[in-house]
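Structure file query-v7.pdb (PDB, C-alpha atoms) is printed below.
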```
ATOM      1  CA  MET A   1     226.513  33.569 169.159
ATOM      2  CA  ALA A   2     230.075  33.390 170.458
ATOM      3  CA  ARG A   3     231.767  34.465 173.678
ATOM      4  CA  ILE A   4     234.815  36.542 172.710
ATOM      5  CA  LEU A   5     237.640  37.799 174.914
ATOM      6  CA  VAL A   6     239.340  41.022 173.723
ATOM      7  CA  VAL A   7     242.774  41.629 175.263
ATOM      8  CA  ASP A   8     244.365  45.024 174.538
ATOM      9  CA  ASP A   9     245.963  47.686 176.722
ATOM     10  CA  GLU A  10     244.482  50.526 174.646
ATOM     11  CA  ILE A  11     240.996  51.444 175.851
ATOM     12  CA  GLY A  12     240.031  52.839 172.446
ATOM     13  CA  ILE A  13     240.765  49.512 170.751
ATOM     14  CA  ARG A  14     238.863  47.564 173.407
ATOM     15  CA  GLU A  15     235.819  49.809 173.118
ATOM     16  CA  LEU A  16     235.809  49.801 169.313
ATOM     17  CA  LEU A  17     236.107  46.026 168.951
ATOM     18  CA  SER A  18     233.565  45.449 171.729
ATOM     19  CA  GLU A  19     230.974  47.697 170.084
ATOM     20  CA  ILE A  20     231.367  46.007 166.705
ATOM     21  CA  LEU A  21     231.170  42.503 168.157
ATOM     22  CA  TYR A  22     228.241  43.388 170.445
ATOM     23  CA  ASP A  23     226.350  44.671 167.402
ATOM     24  CA  GLU A  24     226.951  41.310 165.745
ATOM     25  CA  GLY A  25     225.318  39.574 168.702
ATOM     26  CA  HIS A  26     228.445  38.235 170.411
ATOM     27  CA  THR A  27     229.100  38.253 174.150
ATOM     28  CA  VAL A  28     232.281  40.212 174.753
ATOM     29  CA  GLU A  29     234.613  40.307 177.738
ATOM     30  CA  VAL A  30     237.563  42.688 177.787
ATOM     31  CA  ALA A  31     240.968  42.631 179.497
ATOM     32  CA  GLU A  32     243.568  45.397 179.502
ATOM     33  CA  ASN A  33     246.539  43.224 180.430
ATOM     34  CA  ALA A  34     247.732  39.651 180.749
ATOM     35  CA  ALA A  35     246.684  39.353 184.412
ATOM     36  CA  GLN A  36     243.073  40.168 183.569
ATOM     37  CA  ALA A  37     243.220  37.865 180.537
ATOM     38  CA  ARG A  38     244.463  34.971 182.712
ATOM     39  CA  ALA A  39     241.615  35.515 185.178
ATOM     40  CA  ALA A  40     239.040  35.666 182.379
ATOM     41  CA  ARG A  41     240.392  32.466 180.816
ATOM     42  CA  LEU A  42     240.237  30.632 184.143
ATOM     43  CA  ARG A  43     236.661  31.784 184.801
ATOM     44  CA  ALA A  44     235.377  30.392 181.531
ATOM     45  CA  ARG A  45     236.728  29.215 178.192
ATOM     46  CA  PRO A  46     236.026  31.825 175.502
ATOM     47  CA  ASP A  47     235.046  30.733 172.010
ATOM     48  CA  LEU A  48     237.718  33.042 170.578
ATOM     49  CA  VAL A  49     240.392  35.419 171.876
ATOM     50  CA  LEU A  50     241.600  38.599 170.196
ATOM     51  CA  LEU A  51     245.045  39.117 171.758
ATOM     52  CA  ASP A  52     247.271  42.179 171.388
ATOM     53  CA  ILE A  53     250.971  41.401 170.998
ATOM     54  CA  TRP A  54     252.466  44.478 172.681
ATOM     55  CA  MET A  55     251.248  44.893 176.265
ATOM     56  CA  PRO A  56     253.065  46.533 179.188
ATOM     57  CA  ASP A  57     253.196  43.664 181.673
ATOM     58  CA  THR A  58     253.364  40.439 179.681
ATOM     59  CA  ASP A  59     253.343  40.548 175.879
ATOM     60  CA  GLY A  60     250.753  38.575 173.926
ATOM     61  CA  VAL A  61     253.189  36.005 172.535
ATOM     62  CA  SER A  62     254.418  35.193 176.056
ATOM     63  CA  LEU A  63     250.836  34.803 177.274
ATOM     64  CA  LEU A  64     250.109  32.543 174.300
ATOM     65  CA  LYS A  65     253.112  30.372 175.231
ATOM     66  CA  GLU A  66     251.927  30.279 178.835
ATOM     67  CA  TRP A  67     248.450  29.061 177.864
ATOM     68  CA  ALA A  68     249.961  26.463 175.545
ATOM     69  CA  SER A  69     252.301  25.148 178.256
ATOM     70  CA  GLN A  70     249.403  24.868 180.719
ATOM     71  CA  GLY A  71     247.046  23.086 178.328
ATOM     72  CA  LEU A  72     244.745  26.137 178.237
ATOM     73  CA  LEU A  73     245.175  26.902 174.545
ATOM     74  CA  ASP A  74     242.020  25.042 173.547
ATOM     75  CA  MET A  75     240.323  28.011 171.862
ATOM     76  CA  PRO A  76     241.231  29.912 168.671
ATOM     77  CA  VAL A  77     243.441  32.945 169.312
ATOM     78  CA  VAL A  78     243.859  35.789 166.837
ATOM     79  CA  MET A  79     246.882  38.026 167.442
ATOM     80  CA  MET A  80     246.659  41.804 166.914
ATOM     81  CA  SER A  81     249.382  44.406 166.419
ATOM     82  CA  GLY A  82     250.265  47.545 164.546
ATOM     83  CA  HIS A  83     254.004  47.031 164.839
ATOM     84  CA  ALA A  84     254.652  43.284 164.753
ATOM     85  CA  THR A  85     257.331  41.853 162.501
ATOM     86  CA  VAL A  86     256.844  38.860 160.235
ATOM     87  CA  ASP A  87     258.982  36.792 162.608
ATOM     88  CA  THR A  88     256.688  37.646 165.513
ATOM     89  CA  ALA A  89     253.589  36.668 163.542
ATOM     90  CA  LEU A  90     255.215  33.402 162.492
ATOM     91  CA  GLU A  91     256.228  32.635 166.079
ATOM     92  CA  ALA A  92     252.669  33.217 167.293
ATOM     93  CA  THR A  93     251.340  30.925 164.552
ATOM     94  CA  ARG A  94     253.858  28.248 165.488
ATOM     95  CA  ILE A  95     252.728  28.401 169.120
ATOM     96  CA  GLY A  96     249.081  28.042 168.187
ATOM     97  CA  ALA A  97     247.530  31.337 167.021
ATOM     98  CA  VAL A  98     245.065  30.804 164.174
ATOM     99  CA  ASP A  99     245.322  34.233 162.521
ATOM    100  CA  PHE A 100     246.752  37.746 162.720
ATOM    101  CA  LEU A 101     245.050  41.160 162.533
ATOM    102  CA  GLU A 102     247.124  44.206 161.646
ATOM    103  CA  LYS A 103     246.105  47.534 163.196
ATOM    104  CA  PRO A 104     244.300  49.724 162.330
ATOM    105  CA  ILE A 105     241.598  47.048 162.112
ATOM    106  CA  THR A 106     238.731  47.612 159.711
ATOM    107  CA  MET A 107     235.259  46.347 160.580
ATOM    108  CA  GLN A 108     235.118  44.114 157.499
ATOM    109  CA  LYS A 109     238.491  42.509 158.238
ATOM    110  CA  LEU A 110     237.575  42.036 161.902
ATOM    111  CA  LEU A 111     234.296  40.289 161.143
ATOM    112  CA  GLN A 112     235.862  38.091 158.461
ATOM    113  CA  THR A 113     238.686  37.040 160.771
ATOM    114  CA  VAL A 114     236.346  36.380 163.709
ATOM    115  CA  ALA A 115     234.008  34.291 161.552
ATOM    116  CA  SER A 116     236.933  32.289 160.177
ATOM    117  CA  GLY A 117     238.483  31.849 163.628
ATOM    118  CA  LEU A 118     235.234  30.572 165.154
ATOM    119  CA  GLU A 119     235.160  27.797 162.565
ATOM    120  CA  ARG A 120     238.565  26.526 163.650
ATOM    121  CA  VAL A 121     238.824  23.524 165.933
ATOM    122  CA  VAL A 122     241.798  23.911 168.257
ATOM    123  CA  VAL A 123     243.381  20.904 169.941
ATOM    124  CA  PRO A 124     245.461  21.990 172.964
ATOM    125  CA  PRO A 125     249.108  20.879 172.880
ATOM    126  CA  LYS A 126     250.013  18.036 175.200
ATOM    127  CA  VAL A 127     251.565  19.157 178.469
ATOM    128  CA  PRO A 128     254.505  16.935 179.532
ATOM    129  CA  ALA A 129     254.188  15.181 182.878
ATOM    130  CA  MET A 130     255.632  17.530 185.480
ATOM    131  CA  ALA A 131     256.800  14.754 187.791
ATOM    132  CA  ALA A 132     259.046  13.229 185.144
ATOM    133  CA  ALA A 133     260.804  16.461 184.294
ATOM    134  CA  PRO A 134     264.156  17.331 185.887
ATOM    135  CA  ARG A 135     263.941  20.439 188.031
ATOM    136  CA  VAL A 136     266.249  23.435 188.325
ATOM    137  CA  GLY A 137     265.760  25.576 191.397
ATOM    138  CA  GLY A 138     262.234  24.164 191.802
ATOM    139  CA  VAL A 139     261.308  24.869 188.153
ATOM    140  CA  PRO A 140     260.717  22.015 185.660
ATOM    141  CA  ALA A 141     263.669  22.151 183.248
ATOM    142  CA  ALA A 142     261.546  20.769 180.411
ATOM    143  CA  SER A 143     259.684  24.076 180.245
ATOM    144  CA  ALA A 144     262.829  26.171 179.855
ATOM    145  CA  ASP A 145     265.463  26.674 177.208
ATOM    146  CA  VAL A 146     268.552  24.569 177.991
ATOM    147  CA  GLY A 147     270.882  27.541 177.659
ATOM    148  CA  VAL A 148     268.731  29.651 179.976
ATOM    149  CA  VAL A 149     268.650  26.855 182.559
ATOM    150  CA  ALA A 150     272.442  26.443 182.476
ATOM    151  CA  ASN A 151     272.886  30.193 182.807
ATOM    152  CA  ALA A 152     270.438  30.303 185.705
ATOM    153  CA  GLN A 153     272.326  27.529 187.477
ATOM    154  CA  ASN A 154     275.598  29.432 187.170
ATOM    155  CA  ARG A 155     274.038  32.677 188.400
ATOM    156  CA  MET A 156     272.268  31.025 191.330
ATOM    157  CA  GLN A 157     275.615  29.654 192.492
ATOM    158  CA  ALA A 158     277.257  33.092 192.428
ATOM    159  CA  PRO A 159     276.647  36.068 194.754
ATOM    160  CA  ALA A 160     274.079  38.505 193.348
ATOM    161  CA  SER A 161     276.647  41.302 193.475
ATOM    162  CA  ALA A 162     278.906  39.338 191.129
ATOM    163  CA  ILE A 163     276.356  39.045 188.317
ATOM    164  CA  GLN A 164     277.695  40.670 185.179
ATOM    165  CA  GLY A 165     276.384  41.308 181.685
ATOM    166  CA  GLU A 166     277.513  39.340 178.695
ATOM    167  CA  GLN A 167     278.684  42.363 176.700
ATOM    168  CA  GLY A 168     281.903  44.108 177.725
ATOM    169  CA  GLY A 169     281.776  42.923 181.344
ATOM    170  CA  SER A 170     279.071  45.484 182.208
ATOM    171  CA  HIS A 171     278.159  45.224 185.873
ATOM    172  CA  LEU A 172     274.457  44.697 186.586
ATOM    173  CA  GLY A 173     274.772  45.598 190.227
ATOM    174  CA  SER A 174     273.129  43.761 193.080
ATOM    175  CA  ILE A 175     269.702  42.301 192.297
ATOM    176  CA  SER A 176     268.225  40.579 195.309
ATOM    177  CA  LEU A 177     267.136  37.037 194.567
ATOM    178  CA  GLU A 178     264.622  37.425 197.394
ATOM    179  CA  LEU A 179     262.491  39.797 195.305
ATOM    180  CA  PRO A 180     259.272  38.572 193.691
ATOM    181  CA  LEU A 181     259.945  37.487 190.107
ATOM    182  CA  ARG A 182     258.262  40.477 188.480
ATOM    183  CA  GLU A 183     260.143  43.005 190.635
ATOM    184  CA  ALA A 184     263.456  41.262 189.966
ATOM    185  CA  ARG A 185     262.707  41.178 186.234
ATOM    186  CA  ASP A 186     261.781  44.874 186.209
ATOM    187  CA  GLU A 187     264.995  45.731 188.050
ATOM    188  CA  PHE A 188     267.064  43.735 185.557
ATOM    189  CA  GLU A 189     265.290  45.355 182.598
ATOM    190  CA  ARG A 190     265.817  48.814 184.101
ATOM    191  CA  ILE A 191     269.555  48.196 184.448
ATOM    192  CA  TYR A 192     269.684  46.612 180.986
ATOM    193  CA  PHE A 193     268.048  49.559 179.213
ATOM    194  CA  GLU A 194     269.941  52.197 181.205
ATOM    195  CA  TYR A 195     273.180  50.481 180.173
ATOM    196  CA  HIS A 196     272.293  50.456 176.467
ATOM    197  CA  LEU A 197     270.966  54.038 176.553
ATOM    198  CA  ALA A 198     274.260  55.274 177.998
ATOM    199  CA  ARG A 199     276.293  53.073 175.651
ATOM    200  CA  GLU A 200     274.500  54.428 172.571
ATOM    201  CA  ASN A 201     274.574  58.071 173.773
ATOM    202  CA  TYR A 202     270.794  57.990 174.226
ATOM    203  CA  SER A 203     270.114  57.426 170.527
ATOM    204  CA  MET A 204     266.728  55.674 170.464
ATOM    205  CA  THR A 205     267.400  54.407 166.946
ATOM    206  CA  ARG A 206     270.620  52.658 167.975
ATOM    207  CA  VAL A 207     269.109  51.355 171.232
ATOM    208  CA  SER A 208     266.195  49.968 169.226
ATOM    209  CA  GLU A 209     268.597  48.159 166.909
ATOM    210  CA  ARG A 210     270.783  46.945 169.793
ATOM    211  CA  THR A 211     267.908  45.552 171.882
ATOM    212  CA  GLY A 212     265.812  44.248 168.993
ATOM    213  CA  LEU A 213     262.734  46.250 170.011
ATOM    214  CA  GLU A 214     260.798  48.423 167.602
ATOM    215  CA  ARG A 215     260.864  52.082 168.658
ATOM    216  CA  THR A 216     257.176  52.176 169.643
ATOM    217  CA  HIS A 217     257.626  49.170 171.912
ATOM    218  CA  LEU A 218     260.907  50.584 173.227
ATOM    219  CA  TYR A 219     259.287  53.891 174.239
ATOM    220  CA  ARG A 220     256.464  51.984 175.935
ATOM    221  CA  LYS A 221     258.901  49.731 177.792
ATOM    222  CA  LEU A 222     260.989  52.690 179.034
ATOM    223  CA  LYS A 223     257.842  54.465 180.243
ATOM    224  CA  GLN A 224     256.720  51.307 182.033
ATOM    225  CA  LEU A 225     260.097  51.073 183.794
ATOM    226  CA  GLY A 226     260.063  54.766 184.757
ATOM    227  CA  ILE A 227     263.048  55.670 182.585
ATOM    228  CA  ASP A 228     262.910  59.205 181.119
ATOM    229  CA  ALA A 229     265.309  58.858 178.197
ATOM    230  CA  SER A 230     265.022  62.508 177.115
ATOM    231  CA  ALA A 231     265.867  63.741 180.641
ATOM    232  CA  ARG A 232     268.822  61.357 180.787
ATOM    233  CA  ARG A 233     269.983  62.610 177.373
ATOM    234  CA  ARG A 234     269.849  66.258 178.514
ATOM    235  CA  SER A 235     271.748  65.434 181.691
ATOM    236  CA  HIS A 236     274.339  63.482 179.710
ATOM    237  CA  ASN A 237     274.842  66.314 177.187
ATOM    238  CA  ASN A 238     275.268  68.887 179.950
ATOM    239  CA  GLN A 239     278.086  66.969 181.594
TER
END
```
File written out as structure tokens:
Amino acid sequence: MARILVVDDEIGIRELLSEILYDEGHTVEVAENAAQARAARLRARPDLVLLDIWMPDTDGVSLLKEWASQGLLDMPVVMMSGHATVDTALEATRIGAVDFLEKPITMQKLLQTVASGLERVVVPPKVPAMAAAPRVGGVPAASADVGVVANAQNRMQAPASAIQGEQGGSHLGSISLELPLREARDEFERIYFEYHLARENYSMTRVSERTGLERTHLYRKLKQLGIDASARRRSHNNQ
């Protein structure tokens, strides 16, 4: 039988899928986030991956892109989500996902999708030669969007305290470029969401529309960043 990697931040989903697949005779490994999924993929190539789209550290589509860029997407990957849009599903398919499971997942649909996925032969995308790629700040430019690279160049040449948002000249404050990438990203996201919460008078509906995140994902992201939107709203209303 097959070796299947289940990646989902919800323990109930991991346990349910594991039990069903174990009963079918498969070997199952579980991961609750992208870091654990990366480690599992490096230990051994699974025959199939069930990958949740919305996860707190790195979302499933980003992890899929990462595997593709590293030549590690040589196994069928089925994306899972209860809140994904059609655009998200199409993007995952374009990157290399073979199928999509919508939550809540029924046993029949799970087994059908797993059986179909295991029959797929996946050829990993070619990874461009790193040496031939121009580099920006030590990062191969070929792996980045041109606009992002140009923006990064401009920001790296300016003092951190001078970095400003694109909308309405909103000041992002000082973000140390000496921070590890994840800490710097979290600090930027915290400032970004606090700005939009204040701008939209703490209306989660308007913030969701403004940022392009579905409300469930937005609530999860704010919790991850330690932002209590309801407390901020009460404080704002009392002023």
Using only C-alpha atoms for the distances, tell me which of A:Arg206, A:Arg190, A:Lys109, A:Arg199 is nearest to Asp228 (chain A).
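Using only C-alpha atoms, Asp228 (chain A) sits closest to A:Arg190.
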Exactly which residues make up the result of the PyMOL selection byres ((chain A and resi 218) around 12) on this file, given as a PyMOL selection string?
chain A and resi 54-56+83+189+193+196-197+203-217+219-225+227-229
What separation in Å, quoted to one decimal, exists between CA of Glu178 (chain A) and CA of Glu32 (chain A)?
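Distance between the two atoms: 28.8 Å.
By only C-alpha atoms, and with residues fewer than 2 positions from Met79 (chain A) along its chain excluded, the set lying at most 7 Å from it is Leu50, Leu51, Asp52, Ile53, Val77, Ser81, Ala97, Asp99, Phe100 and Leu101 of chain A.
The shortest atom-to-atom distance to Leu16 (chain A), with only C-alpha atoms taken into account, belongs to A:Val30 out of A:Val30, A:Ala2, A:Leu118, A:Leu181.
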Would you please work out which residue, of A:Asp59, A:Asp23, A:Glu200, A:Asp186, is nearest to Leu111 (chain A) when using all atoms listed in the file?
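Closest residue, counting all atoms listed in the file: A:Asp23.
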Residue with smallest distance to Leu48 (chain A) - pool A:Gly82, A:Pro76, A:Gly12, A:Pro104, counting all atoms listed in the file
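The answer is A:Pro76, which sits nearest to Leu48 (chain A).
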As a check of understanding: the span from CA of Val28 (chain A) to CA of Thr85 (chain A) is 27.9 Å
Rounded to one decimal place, report the CA of Ile13 (chain A)-CA of Val78 (chain A) distance in Å.
14.6 Å
Top pick for closest residue to Leu21 (chain A), considering A:Ala68, A:Ala115, A:Ala40, A:Leu177 and counting all atoms listed in the file:
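That would be A:Ala115, the residue with the smallest distance to Leu21 (chain A).
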Nearest to Thr106 (chain A) by atom-to-atom distance, counting all atoms listed in the file, from A:Gly60, A:Gln70, A:Leu17, A:Arg3:
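Closest candidate: A:Leu17.
Within 7 Å of the point (263.9, 43.9, 192.0), counting all atoms listed in the file, the protein and nucleic acid residues come to Ile175, Ser176, Leu179, Glu183, Ala184, Arg185, Asp186 and Glu187 of chain A.
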Go ahead and fit an axis-aligned box to every listed atom of region 178-195 of chain A plus 4 Å each side, and pass me the centre and edge lengths in Å, one decimal, as JSON.
```
{"center_x": 265.7, "center_y": 44.8, "center_z": 188.3, "size_x": 22.9, "size_y": 22.8, "size_z": 26.2}
```
